[in-house]
>>> print(open('run00.txt').read())   # compact mmCIF, C-alpha atoms
# COMPACT_ATOMS: atom_id res chain seq x y z
CA MET O 1 110.83 121.35 115.08
CA GLU O 2 113.87 119.87 116.79
CA THR O 3 115.28 116.68 115.30
CA LEU O 4 117.32 114.08 117.12
CA ASN O 5 119.48 111.15 116.08
CA LEU O 6 118.17 107.63 116.57
CA ASN O 7 120.77 104.89 116.77
CA VAL O 8 119.64 101.37 115.92
CA ARG O 9 121.69 98.18 115.87
CA VAL O 10 121.01 96.03 112.83
CA ASN O 11 122.62 93.10 111.06
CA ALA O 12 125.17 94.34 108.49
CA GLU O 13 123.63 92.38 105.60
CA ASP O 14 120.12 93.60 106.47
CA LYS O 15 121.39 97.20 106.57
CA LYS O 16 123.02 96.82 103.15
CA ARG O 17 119.87 95.27 101.62
CA PHE O 18 117.63 97.93 103.24
CA GLU O 19 119.83 100.71 101.85
CA GLN O 20 119.65 99.08 98.40
CA PHE O 21 115.85 98.93 98.65
CA CYS O 22 115.64 102.56 99.74
CA ASN O 23 117.86 103.59 96.83
CA SER O 24 115.67 101.61 94.43
CA VAL O 25 112.61 103.64 95.51
CA GLU O 26 114.63 106.88 95.48
CA MET O 27 114.66 107.62 99.19
CA ASN O 28 117.26 107.47 101.91
CA VAL O 29 117.19 105.30 105.03
CA SER O 30 116.32 108.26 107.24
CA THR O 31 113.23 109.05 105.17
CA ALA O 32 112.11 105.39 105.23
CA ILE O 33 112.51 105.15 109.02
CA ASN O 34 110.66 108.44 109.49
CA MET O 35 107.82 107.13 107.29
CA PHE O 36 107.65 104.00 109.46
CA ILE O 37 107.52 106.07 112.67
CA LYS O 38 104.82 108.39 111.27
CA ALA O 39 102.71 105.39 110.15
CA VAL O 40 102.94 103.82 113.62
CA LEU O 41 101.97 107.08 115.31
CA ARG O 42 99.13 107.78 112.88
CA GLU O 43 97.63 104.27 112.96
CA GLN O 44 98.57 103.49 116.58
CA LYS O 45 99.78 100.07 115.46
CA LEU O 46 102.68 98.50 113.64
CA PRO O 47 102.09 98.52 109.87
CA PHE O 48 102.42 94.74 109.71
CA GLU O 49 101.10 91.71 111.55
CA ILE O 50 103.04 90.21 114.43
CA ARG O 51 102.06 86.80 115.68
CA SER O 52 103.58 84.11 117.79
CA ASN O 53 105.27 81.12 116.19
CA THR O 54 103.68 78.97 118.88
CA LEU O 55 100.17 79.40 117.45
CA ASN O 56 99.18 76.25 115.64
CA GLU O 57 99.15 77.19 111.96
CA THR O 58 96.14 74.98 111.18
CA VAL O 59 94.07 76.58 113.94
CA TYR O 60 95.10 80.05 112.77
CA GLU O 61 94.10 79.32 109.18
CA LYS O 62 90.76 77.83 110.25
CA LEU O 63 89.99 80.88 112.37
CA LYS O 64 90.91 83.20 109.49
CA GLU O 65 88.67 81.18 107.15
CA ALA O 66 85.78 81.40 109.62
CA GLU O 67 86.38 85.15 109.93
CA ARG O 68 86.21 85.54 106.13
CA LYS O 69 82.98 83.53 105.95
CA MET O 70 81.40 85.61 108.71
CA ALA O 71 82.42 88.84 106.98
CA ASN O 72 80.80 87.71 103.71
CA THR O 73 77.33 87.08 105.10
CA SER O 74 74.54 89.29 106.31
CA LYS O 75 73.78 86.88 109.16
CA ARG O 76 74.69 88.22 112.58
CA TYR O 77 76.20 85.87 115.13
CA SER O 78 75.81 86.10 118.88
CA LYS O 79 78.85 86.16 121.14
CA LYS O 80 77.89 82.66 122.33
CA GLU O 81 77.74 81.31 118.75
CA VAL O 82 81.14 82.80 117.91
CA LEU O 83 82.77 81.40 121.05
CA GLU O 84 81.23 77.96 120.51
CA SER O 85 82.45 77.95 116.92
CA MET O 86 85.96 79.02 117.95
CA ASN O 87 86.08 76.33 120.63
CA HIS O 88 84.98 73.74 118.09
CA ILE O 89 87.76 74.83 115.68
CA ILE O 90 90.45 74.81 118.34
CA GLU O 91 89.56 71.36 119.73
>>> encode(input="run00.txt", output="structure tokens")
Amino acid sequence: METLNLNVRVNAEDKKRFEQFCNSVEMNVSTAINMFIKAVLREQKLPFEIRSNTLNETVYEKLKEAERKMANTSKRYSKKEVLESMNHIIE
């Protein structure tokens, strides 16, 4: 399989710290970046959460708490009940 170079601009201090991390887990930067790329392609998503800083932190935490409660019950909620609950939390 053909391999190509990938050039990425990164802050000098971040690069140094990333190289130190890679060395500490006995891999090189190229291997770590390739692992990242393979994980993205396999999962079809970034391997970490990205969210906007504009989302009100309190609302986010309340929604996550409601999600946890819903996941830990056998009760099934209708779409209407979920939307009403979300609207109540956001207000």
>>> residues_around(input="run00.txt", residues="O:Ala66", least_positions_apart="2", cutoff="12 Å", atoms="only C-alpha atoms", output="ChimeraX atom specification")
/O:59-64,68-73,77,82-83,85-86,88-90
>>> atom_distance(input="run00.txt", atom1="atom CA of O:Leu4", atom2="atom CA of O:Met27")
19.2 Å
>>> residues_around(input="run00.txt", residues="O:Thr31", least_positions_apart="6", cutoff="12 Å", atoms="only C-alpha atoms", output="ChimeraX atom specification")
/O:19,22-23,25,37-38
>>> closest_residue(input="run00.txt", among="O:Phe18, O:Met1, O:Asn87, O:Glu81", to="O:Ser30", atoms="all atoms listed in the file")
O:Phe18
>>> residues_near_point(input="run00.txt", point="(119.6, 104.1, 112.9)", cutoff="12 Å", atoms="only C-alpha atoms", output="PyMOL selection string")
chain O and resi 4-11+15+18-19+28-34
>>> atom_distance(input="run00.txt", atom1="atom CA of O:Glu2", atom2="atom CA of O:Pro47")
25.3 Å
